[in-house]
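Dumped input-v1.csv below, it's CSV, C-alpha atoms:
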```csv
chain,number,residue,atom,x,y,z
A,194,MET,CA,-19.4,36.7,-1.2
A,195,ARG,CA,-17.0,34.7,0.9
A,196,LEU,CA,-13.6,33.4,-0.4
A,197,GLU,CA,-12.6,30.2,1.2
A,198,LYS,CA,-9.2,28.6,1.4
A,199,CYS,CA,-8.5,25.2,0.0
A,200,TRP,CA,-7.7,22.7,2.7
A,201,PHE,CA,-4.9,21.1,0.7
A,202,CYS,CA,-3.1,23.8,-1.2
A,203,SER,CA,-4.4,26.9,0.7
A,204,SER,CA,-5.3,28.7,-2.5
A,205,THR,CA,-8.4,30.8,-2.7
A,206,ILE,CA,-11.7,29.2,-3.7
A,207,TYR,CA,-14.0,31.5,-5.5
A,208,PRO,CA,-17.8,30.8,-5.4
A,209,GLY,CA,-18.8,28.0,-7.7
A,210,HIS,CA,-15.5,26.3,-7.7
A,211,GLY,CA,-14.3,23.1,-6.2
A,212,ILE,CA,-15.9,20.5,-3.9
A,213,GLN,CA,-16.8,20.3,-0.2
A,214,PHE,CA,-16.4,17.1,1.7
A,215,VAL,CA,-18.2,16.9,5.0
A,216,ARG,CA,-17.0,14.4,7.5
A,217,ASN,CA,-19.4,12.8,9.9
A,218,ASP,CA,-18.1,15.0,12.7
A,219,ALA,CA,-19.3,18.0,10.6
A,220,LYS,CA,-15.7,19.1,9.8
A,221,ILE,CA,-15.8,20.7,6.3
A,222,PHE,CA,-12.9,20.1,3.9
A,223,ARG,CA,-13.0,22.5,1.0
A,224,PHE,CA,-10.9,21.8,-2.1
A,225,CYS,CA,-10.2,24.2,-4.9
A,226,ARG,CA,-10.0,21.5,-7.7
A,227,SER,CA,-10.0,17.8,-8.2
A,228,LYS,CA,-6.3,17.6,-7.9
A,229,CYS,CA,-6.5,18.7,-4.3
A,230,HIS,CA,-9.5,16.4,-3.6
A,231,LYS,CA,-7.7,13.4,-5.1
A,232,ASN,CA,-4.6,14.1,-3.0
A,233,PHE,CA,-6.8,14.3,0.1
A,234,LYS,CA,-8.4,11.0,-0.8
A,235,MET,CA,-4.9,9.5,-1.2
A,236,LYS,CA,-4.4,10.6,2.5
A,237,ARG,CA,-1.5,12.7,1.6
A,238,ASN,CA,-0.2,15.2,4.1
A,239,PRO,CA,-0.2,18.7,2.6
A,240,ARG,CA,3.0,19.5,4.6
A,241,LYS,CA,4.8,16.8,2.7
A,242,VAL,CA,3.6,17.6,-0.8
A,243,LYS,CA,6.0,20.1,-2.3
A,244,TRP,CA,3.6,22.3,-4.3
A,245,THR,CA,1.3,23.2,-1.4
A,246,LYS,CA,1.4,26.4,0.5
A,247,ALA,CA,1.8,24.5,3.7
A,248,TYR,CA,5.0,22.9,2.5
A,249,ARG,CA,6.5,26.1,1.2
A,250,CYS,CA,5.8,28.0,4.4
A,251,LEU,CA,7.1,25.2,6.6
A,252,HIS,CA,10.3,25.0,4.6
A,253,GLY,CA,11.0,28.7,4.5
A,254,LYS,CA,10.3,29.0,0.8
A,255,ASP,CA,7.6,31.6,1.1
A,256,MET,CA,7.2,34.7,3.2
A,257,THR,CA,5.1,33.8,6.2
A,258,GLN,CA,5.1,36.8,8.5
A,259,ASP,CA,4.2,40.1,7.0
A,260,SER,CA,2.0,43.0,7.8
A,261,THR,CA,0.3,42.7,4.4
A,262,PHE,CA,-1.2,39.4,5.5
A,263,GLU,CA,-3.1,41.1,8.3
A,264,PHE,CA,-5.6,42.6,5.9
A,265,GLU,CA,-6.7,39.1,4.7
A,266,ARG,CA,-8.7,37.9,7.6
A,267,LYS,CA,-11.9,36.0,8.3
A,268,ARG,CA,-14.5,38.3,9.7
A,269,ASN,CA,-17.8,36.9,10.7
A,270,ARG,CA,-19.4,40.3,11.4
A,271,PRO,CA,-21.0,41.8,8.3
A,272,GLU,CA,-19.7,45.3,7.6
A,273,ARG,CA,-22.2,48.1,7.2
A,274,TYR,CA,-21.8,49.6,3.8
A,275,ASP,CA,-20.0,52.9,3.7
A,276,ARG,CA,-19.3,54.5,0.3
A,277,ASN,CA,-16.1,56.3,1.4
A,278,VAL,CA,-14.7,53.3,3.2
A,279,THR,CA,-15.4,51.1,0.2
A,280,GLU,CA,-13.8,53.5,-2.2
A,281,GLN,CA,-10.7,53.7,0.0
A,282,THR,CA,-10.5,50.0,0.3
A,283,LEU,CA,-10.8,49.5,-3.5
A,284,LYS,CA,-8.0,52.1,-3.9
A,285,ALA,CA,-5.8,50.4,-1.3
A,286,ILE,CA,-6.1,46.8,-2.7
A,287,PRO,CA,-3.8,47.2,-5.7
A,288,LEU,CA,-1.3,49.1,-3.6
A,289,ILE,CA,-1.2,46.5,-0.9
A,290,THR,CA,-0.9,43.7,-3.4
A,291,LYS,CA,2.0,45.5,-5.1
A,292,ILE,CA,3.8,45.9,-1.7
A,293,ARG,CA,3.2,42.2,-0.9
A,294,HIS,CA,4.5,41.1,-4.3
A,295,ASP,CA,7.6,43.2,-3.9
A,296,ARG,CA,8.3,41.9,-0.4
A,297,GLN,CA,7.8,38.3,-1.7
A,298,LYS,CA,10.2,39.0,-4.5
A,299,LYS,CA,12.7,40.4,-2.0
A,300,HIS,CA,12.3,37.4,0.3
A,301,ILE,CA,13.0,35.0,-2.5
A,302,THR,CA,16.1,36.9,-3.7
A,303,GLU,CA,17.4,37.0,-0.2
A,304,ARG,CA,16.7,33.3,0.2
A,305,GLN,CA,18.6,32.5,-3.0
A,306,LYS,CA,21.6,34.7,-2.2
A,307,GLN,CA,22.9,32.2,0.3
A,308,GLY,CA,22.9,29.5,-2.4
A,309,LYS,CA,24.8,31.6,-4.8
A,310,THR,CA,27.7,32.3,-2.5
A,311,LYS,CA,27.8,28.6,-1.5
A,312,GLU,CA,27.9,27.6,-5.1
A,313,GLN,CA,30.8,29.9,-5.8
A,314,GLU,CA,32.7,28.6,-2.8
A,315,ARG,CA,32.1,25.0,-4.0
A,316,ASP,CA,33.3,25.8,-7.4
A,317,ALA,CA,36.5,27.5,-6.1
A,318,LYS,CA,37.2,24.5,-3.9
A,319,GLU,CA,36.7,22.1,-6.8
A,320,LEU,CA,39.1,24.1,-8.9
A,321,GLU,CA,41.7,24.1,-6.2
A,322,GLN,CA,41.4,20.4,-5.5
A,323,ASP,CA,41.2,19.0,-9.1
A,324,ILE,CA,43.3,21.5,-11.0
A,325,GLN,CA,45.7,18.7,-11.9
A,326,MET,CA,43.0,16.9,-13.8
A,327,LEU,CA,42.9,19.6,-16.4
A,328,PRO,CA,45.3,19.3,-19.4
A,329,LYS,CA,48.4,21.5,-19.0
A,330,LYS,CA,47.5,23.9,-21.8
A,331,ASP,CA,44.3,24.9,-20.0
A,332,VAL,CA,46.0,25.2,-16.7
A,333,LEU,CA,48.5,27.6,-18.2
A,334,SER,CA,45.9,29.6,-19.9
A,335,THR,CA,43.9,29.9,-16.7
A,336,GLN,CA,46.9,31.0,-14.7
A,337,LYS,CA,47.8,33.6,-17.3
A,338,THR,CA,44.4,35.3,-17.2
A,339,LYS,CA,45.7,38.4,-15.5
A,340,VAL,CA,48.2,40.2,-17.5
A,341,MET,CA,49.4,43.7,-16.7
A,342,VAL,CA,48.9,45.9,-19.6
A,343,LYS,CA,50.4,49.3,-19.9
A,344,VAL,CA,47.8,51.9,-20.5
A,345,SER,CA,48.9,54.1,-23.2
A,346,GLN,CA,46.0,56.6,-23.1
A,347,GLN,CA,47.1,58.2,-19.8
A,348,GLN,CA,50.5,58.9,-21.2
A,349,THR,CA,49.1,60.5,-24.2
A,350,GLU,CA,46.9,62.7,-22.0
A,351,GLU,CA,49.8,63.7,-19.9
A,352,ASN,CA,51.7,64.4,-23.0
A,353,LEU,CA,48.9,66.5,-24.2
A,354,MET,CA,48.8,68.4,-20.9
A,355,GLU,CA,52.5,69.0,-21.1
A,356,GLU,CA,52.3,70.2,-24.5
B,297,MET,CA,-17.0,-1.0,17.0
B,298,ALA,CA,-16.1,0.7,13.9
B,299,ALA,CA,-16.9,4.1,15.4
B,300,PHE,CA,-14.7,3.3,18.4
B,301,LEU,CA,-11.8,2.3,16.1
B,302,ARG,CA,-12.2,5.4,14.1
B,303,SER,CA,-12.2,7.8,17.0
B,304,LYS,CA,-9.0,6.0,18.3
B,305,CYS,CA,-7.3,6.4,15.0
B,306,SER,CA,-8.2,10.0,14.6
B,307,SER,CA,-6.9,10.8,18.0
B,308,VAL,CA,-3.6,9.2,17.1
B,309,GLY,CA,-3.5,11.2,13.9
B,310,ARG,CA,-4.1,14.4,15.9
B,311,THR,CA,-1.2,13.7,18.3
B,312,LEU,CA,1.1,13.0,15.3
B,313,MET,CA,0.1,16.3,13.7
B,314,GLY,CA,0.7,18.0,17.0
B,315,GLY,CA,4.2,16.7,17.1
B,316,LEU,CA,4.8,18.0,13.6
B,317,GLY,CA,3.4,21.4,14.4
B,318,ASN,CA,5.7,24.3,13.8
B,319,ASN,CA,5.5,27.8,15.1
B,320,LEU,CA,7.0,29.2,11.9
B,321,PHE,CA,3.8,28.3,10.2
B,322,GLY,CA,1.9,31.6,10.4
B,323,ALA,CA,-1.7,32.4,10.5
B,324,VAL,CA,-2.0,31.7,6.8
B,325,ASN,CA,-2.4,28.0,7.3
B,326,SER,CA,-4.0,27.8,10.7
B,327,SER,CA,-6.8,25.8,9.1
B,328,VAL,CA,-4.4,23.1,8.1
B,329,GLN,CA,-3.0,22.9,11.5
B,330,ALA,CA,-6.3,22.5,13.2
B,331,VAL,CA,-7.5,19.5,11.4
B,332,SER,CA,-6.5,15.9,11.9
B,333,ARG,CA,-6.0,13.5,9.1
B,334,PRO,CA,-8.9,11.1,8.4
B,335,SER,CA,-8.1,7.6,9.7
B,336,HIS,CA,-7.6,4.5,7.7
B,337,CYS,CA,-11.0,3.1,8.6
B,338,ASP,CA,-12.8,6.0,7.1
B,339,PRO,CA,-16.1,5.0,5.7
B,340,ILE,CA,-15.4,6.9,2.5
B,341,CYS,CA,-13.2,4.0,1.4
B,342,GLN,CA,-16.0,1.5,1.7
B,343,GLN,CA,-19.0,3.7,0.8
B,344,ILE,CA,-20.2,3.3,-2.8
B,345,ARG,CA,-20.7,6.7,-4.2
B,346,THR,CA,-23.8,6.2,-6.4
B,347,PHE,CA,-27.5,7.1,-6.4
B,348,ILE,CA,-29.6,5.8,-3.6
B,349,GLN,CA,-31.5,3.1,-5.3
B,350,MET,CA,-33.3,-0.1,-4.5
B,351,ARG,CA,-31.5,-2.2,-1.9
B,352,THR,CA,-29.2,0.7,-0.8
B,353,ASN,CA,-28.7,0.4,3.0
B,354,LEU,CA,-28.9,3.7,4.8
B,355,LYS,CA,-28.0,4.6,8.4
B,356,VAL,CA,-30.8,6.2,10.3
B,357,VAL,CA,-29.7,9.3,12.1
B,358,ASP,CA,-32.7,10.1,14.4
B,359,ASN,CA,-34.1,8.6,17.6
B,360,SER,CA,-37.1,6.9,15.9
B,361,GLY,CA,-35.6,3.5,16.9
B,362,ALA,CA,-34.6,2.3,13.5
B,363,LYS,CA,-30.9,1.7,12.9
B,364,ARG,CA,-30.6,0.6,9.4
B,365,VAL,CA,-33.1,1.1,6.5
B,366,MET,CA,-33.0,-0.5,3.1
B,367,CYS,CA,-34.3,1.6,0.2
B,368,ILE,CA,-37.1,-0.2,-1.6
B,369,GLN,CA,-38.3,2.7,-3.7
B,370,SER,CA,-37.1,6.1,-4.7
B,371,LEU,CA,-39.7,8.8,-4.9
B,372,ARG,CA,-37.5,10.8,-7.3
B,373,GLY,CA,-37.0,9.3,-10.7
B,374,LYS,CA,-35.7,6.5,-12.7
B,375,LYS,CA,-32.1,6.7,-11.6
B,376,GLY,CA,-32.7,6.9,-7.8
B,377,ALA,CA,-32.6,9.4,-5.0
B,378,ARG,CA,-29.9,11.9,-4.1
B,379,LEU,CA,-29.2,14.3,-1.3
B,380,GLY,CA,-32.4,15.8,0.0
B,381,ASP,CA,-34.8,13.4,-1.8
B,382,THR,CA,-37.4,11.3,-0.2
B,383,ILE,CA,-37.4,7.5,-0.4
B,384,ILE,CA,-39.4,4.6,0.8
B,385,GLY,CA,-37.5,2.0,2.9
B,386,SER,CA,-37.9,-1.1,4.9
B,387,VAL,CA,-36.5,-1.2,8.4
B,388,LYS,CA,-33.8,-3.8,8.6
B,389,GLU,CA,-32.4,-3.2,12.1
B,390,ALA,CA,-34.2,-1.5,14.9
B,391,GLN,CA,-33.7,-0.9,18.6
B,392,PRO,CA,-36.2,-2.6,21.0
B,393,ARG,CA,-39.1,-0.4,22.2
B,394,GLY,CA,-38.6,2.2,19.4
B,395,LYS,CA,-41.3,3.9,17.4
B,396,VAL,CA,-40.7,1.7,14.4
B,397,LYS,CA,-40.1,-2.0,14.3
B,398,LYS,CA,-38.1,-4.3,12.1
B,399,GLY,CA,-39.9,-4.9,8.9
B,400,ASP,CA,-41.9,-1.7,8.9
B,401,VAL,CA,-42.2,0.2,5.6
B,402,VAL,CA,-41.2,3.9,6.2
B,403,TYR,CA,-40.7,7.1,4.4
B,404,GLY,CA,-37.4,8.9,4.8
B,405,VAL,CA,-35.4,12.0,3.7
B,406,VAL,CA,-31.8,11.5,2.6
B,407,VAL,CA,-29.8,13.9,4.7
B,408,ARG,CA,-26.4,12.7,3.8
B,409,ALA,CA,-25.2,11.1,0.6
B,410,ALA,CA,-21.7,9.9,-0.3
B,411,MET,CA,-22.4,10.8,-3.9
B,412,LYS,CA,-21.5,14.4,-4.7
B,413,ARG,CA,-24.3,16.8,-5.4
B,414,GLY,CA,-24.1,20.2,-7.1
B,415,ARG,CA,-25.0,23.2,-5.0
B,416,ASN,CA,-26.7,26.4,-6.1
B,417,ASP,CA,-23.4,28.3,-6.6
B,418,GLY,CA,-21.9,25.6,-8.8
B,419,SER,CA,-19.7,24.0,-6.2
B,420,GLU,CA,-20.3,20.4,-5.0
B,421,ILE,CA,-20.9,18.7,-1.7
B,422,GLN,CA,-20.1,15.2,-0.6
B,423,PHE,CA,-20.6,13.4,2.7
B,424,ASP,CA,-19.0,10.5,4.5
B,425,ASP,CA,-22.0,8.1,4.4
B,426,ASN,CA,-25.6,7.6,3.3
B,427,ALA,CA,-27.9,8.6,6.1
B,428,ILE,CA,-31.7,9.1,6.4
B,429,VAL,CA,-34.2,10.7,8.7
B,430,LEU,CA,-37.5,8.9,9.0
B,431,VAL,CA,-40.7,10.8,8.2
B,432,ASN,CA,-44.3,9.8,7.8
B,433,ASN,CA,-46.1,10.1,4.5
B,434,LYS,CA,-47.0,13.8,5.2
B,435,GLY,CA,-43.3,14.7,5.8
B,436,GLU,CA,-43.5,15.0,9.5
B,437,LEU,CA,-40.6,13.6,11.6
B,438,ILE,CA,-41.1,10.4,13.5
B,439,GLY,CA,-38.1,11.0,15.8
B,440,THR,CA,-37.4,14.0,17.9
B,441,ARG,CA,-33.7,14.5,17.3
B,442,VAL,CA,-31.4,14.6,14.3
B,443,PHE,CA,-27.7,13.6,14.6
B,444,GLY,CA,-24.7,14.8,12.6
B,445,PRO,CA,-24.4,17.4,9.9
B,446,VAL,CA,-27.2,18.1,7.3
B,447,PRO,CA,-27.1,20.2,4.2
B,448,HIS,CA,-28.9,23.5,3.9
B,449,GLU,CA,-30.5,22.3,0.7
B,450,LEU,CA,-33.3,20.7,2.9
B,451,ARG,CA,-34.7,24.2,3.3
B,452,LYS,CA,-35.5,24.2,-0.4
B,453,LYS,CA,-37.2,20.8,0.0
B,454,LYS,CA,-39.3,22.3,2.8
B,455,HIS,CA,-37.9,20.0,5.5
B,456,LEU,CA,-37.5,22.9,8.0
B,457,LYS,CA,-38.1,20.7,11.0
B,458,ILE,CA,-35.0,18.6,10.2
B,459,LEU,CA,-32.9,21.7,9.9
B,460,ALA,CA,-34.2,23.1,13.2
B,461,LEU,CA,-33.3,19.9,15.0
B,462,ALA,CA,-30.0,19.3,13.3
B,463,GLU,CA,-26.7,19.6,15.2
B,464,HIS,CA,-24.8,21.2,12.3
B,465,ILE,CA,-25.9,22.7,9.0
B,466,VAL,CA,-23.4,22.8,6.2
```
Using the file provided, produce a representation of the structure as structure tokens.
Amino acid sequence: MRLEKCWFCSSTIYPGHGIQFVRNDAKIFRFCRSKCHKNFKMKRNPRKVKWTKAYRCLHGKDMTQDSTFEFERKRNRPERYDRNVTEQTLKAIPLITKIRHDRQKKHITERQKQGKTKEQERDAKELEQDIQMLPKKDVLSTQKTKVMVKVSQQQTEENLMEE
Amino acid sequence: MAAFLRSKCSSVGRTLMGGLGNNLFGAVNSSVQAVSRPSHCDPICQQIRTFIQMRTNLKVVDNSGAKRVMCIQSLRGKKGARLGDTIIGSVKEAQPRGKVKKGDVVYGVVVRAAMKRGRNDGSEIQFDDNAIVLVNNKGELIGTRVFGPVPHELRKKKHLKILALAEHIV
């Protein structure tokens, strides 16, 4: 059983799914679903269509280089069946996918971290520039957010200690 | 002429894609990188994707001497022939000093069809154009070469000679 990749969106094509288009120079284009086939027929470039893997990789949305991708490779040599090796592989598959998912999650959070700090900076700047646009009541209230409050608990504790 | 234009366009497309190429793009999408976009003068735009029926013009992709054959009878059924089926055709255009002449009635096997055809595993296959390989009424090839890709379904139809001579099997 061979799992192919969709030419347009790079998703996995399982046997019995999708359509193959063979150009006259014998180049085979495989598509996972009619959506991808239609987009191909409309002569769209997968690198410019936002939902494809090609776009996401190109624009740094997805993790591109990772050691977990090394396992997924096209091999033209048939492997001789070995029970132990197969068992180990089957055991390793969920572990590797878990590692990959975690790394992808980490990649995305790291990617979004930058945006968050930028957003905060932008907000701070906006507040600084346009503070006069707010009604005076609100300005006063915002300025008076921090109020020193005497903590009474500590005193009581000290008192207790003294006593 | 059309073929020349097409090759030109595709080469332009390839250079464009090369310019866009990015190293960031890992091994995941190497397949996308390698291909060039089909050009505007692609036959898929013009080719009607229906059954091969009476009066369908087919390209001959062997060296029998015929260039264009018009279908006059499908040996399949009421609706017409599909990929891998045999048809009877009349030679409309032929090269001089070929094995067949213009006006000959010939048998042929449809090796490429623009209409999609289901495969054994449930997926589908579709080609750029409608193409035929000429055979005699016993199913023996008239030419000695077959050009372009042919589907492996011909094995099921017992056209092993075509598969053996073909450049690419898909």
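For the choices B:Lys397, B:His448, B:Lys412, B:Arg351, the atom-to-atom distance to chain A is smallest for B:Lys412 when using only C-alpha atoms.
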Could you work out how far CA of Arg223 (chain A) lies from CA of Lys198 (chain A), giving the answer in Å with one decimal?
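Answer for the CA of Lys198 (chain A) to CA of Arg223 (chain A) separation: 7.2 Å.
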Tell me as a ChimeraX atom specification which residues belonging to chain A come within 10 Å of chain B, counting only C-alpha atoms.
/A:198-203,206-225,233-234,236-240,246-253,256-259,262-263,265-266
So that I can check the surroundings of Lys453 (chain B), please list as a PyMOL selection string every protein, DNA and RNA residue that reaches within 12 Å of it, counting only C-alpha atoms and ignoring chain neighbours fewer than 4 positions away.
chain B and resi 379-382+405-407+435+447-449+457-459
Please write the residues from the selection above to a file, keeping C-alpha atoms, as an mmCIF file, in the frame of the given file.
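Result file selection17.cif:
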```cif
data_model
loop_
_atom_site.group_PDB
_atom_site.id
_atom_site.type_symbol
_atom_site.label_atom_id
_atom_site.label_comp_id
_atom_site.auth_asym_id
_atom_site.auth_seq_id
_atom_site.Cartn_x
_atom_site.Cartn_y
_atom_site.Cartn_z
ATOM 1 C CA LEU B 379 -29.200 14.300 -1.300
ATOM 2 C CA GLY B 380 -32.400 15.800 0.000
ATOM 3 C CA ASP B 381 -34.800 13.400 -1.800
ATOM 4 C CA THR B 382 -37.400 11.300 -0.200
ATOM 5 C CA VAL B 405 -35.400 12.000 3.700
ATOM 6 C CA VAL B 406 -31.800 11.500 2.600
ATOM 7 C CA VAL B 407 -29.800 13.900 4.700
ATOM 8 C CA GLY B 435 -43.300 14.700 5.800
ATOM 9 C CA PRO B 447 -27.100 20.200 4.200
ATOM 10 C CA HIS B 448 -28.900 23.500 3.900
ATOM 11 C CA GLU B 449 -30.500 22.300 0.700
ATOM 12 C CA LYS B 457 -38.100 20.700 11.000
ATOM 13 C CA ILE B 458 -35.000 18.600 10.200
ATOM 14 C CA LEU B 459 -32.900 21.700 9.900
#
```
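The coordinates place CA of Asn426 (chain B) at 8.5 Å from CA of Met411 (chain B).
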State, in Å with one decimal place, the distance from CA of Arg195 (chain A) to CA of Lys243 (chain A).
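CA of Arg195 (chain A) sits 27.4 Å away from CA of Lys243 (chain A).
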So that I can check the surroundings of Val357 (chain B), please list as a PDB file with C-alpha atoms, in the frame of the given file every protein, DNA and RNA residue that reaches within 8 Å of it, counting all atoms listed in the file and ignoring chain neighbours fewer than 6 positions away.
```
ATOM      1  CA  LYS B 363     -30.900   1.700  12.900  1.00  0.00           C
ATOM      2  CA  ALA B 427     -27.900   8.600   6.100  1.00  0.00           C
ATOM      3  CA  ILE B 428     -31.700   9.100   6.400  1.00  0.00           C
ATOM      4  CA  VAL B 429     -34.200  10.700   8.700  1.00  0.00           C
ATOM      5  CA  VAL B 442     -31.400  14.600  14.300  1.00  0.00           C
ATOM      6  CA  PHE B 443     -27.700  13.600  14.600  1.00  0.00           C
ATOM      7  CA  GLY B 444     -24.700  14.800  12.600  1.00  0.00           C
TER       8      GLY B 444
END
```
Tell me, as a PDB file with C-alpha atoms, keeping the file's coordinate frame, which residues lie within 10 Å of Met350 (chain B), counting all atoms listed in the file; anything in the same chain fewer than 6 positions away does not count.
```
ATOM      1  CA  MET B 366     -33.000  -0.500   3.100  1.00  0.00           C
ATOM      2  CA  CYS B 367     -34.300   1.600   0.200  1.00  0.00           C
ATOM      3  CA  ILE B 368     -37.100  -0.200  -1.600  1.00  0.00           C
ATOM      4  CA  GLN B 369     -38.300   2.700  -3.700  1.00  0.00           C
ATOM      5  CA  SER B 370     -37.100   6.100  -4.700  1.00  0.00           C
ATOM      6  CA  LYS B 375     -32.100   6.700 -11.600  1.00  0.00           C
ATOM      7  CA  GLY B 376     -32.700   6.900  -7.800  1.00  0.00           C
ATOM      8  CA  ALA B 377     -32.600   9.400  -5.000  1.00  0.00           C
ATOM      9  CA  ILE B 383     -37.400   7.500  -0.400  1.00  0.00           C
ATOM     10  CA  ILE B 384     -39.400   4.600   0.800  1.00  0.00           C
ATOM     11  CA  GLY B 385     -37.500   2.000   2.900  1.00  0.00           C
TER      12      GLY B 385
END
```
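The residue that comes closest to Arg378 (chain B), out of B:Thr352, B:Asn359, B:Thr440, B:Asn432 and on the basis of all atoms listed in the file, is B:Thr352.
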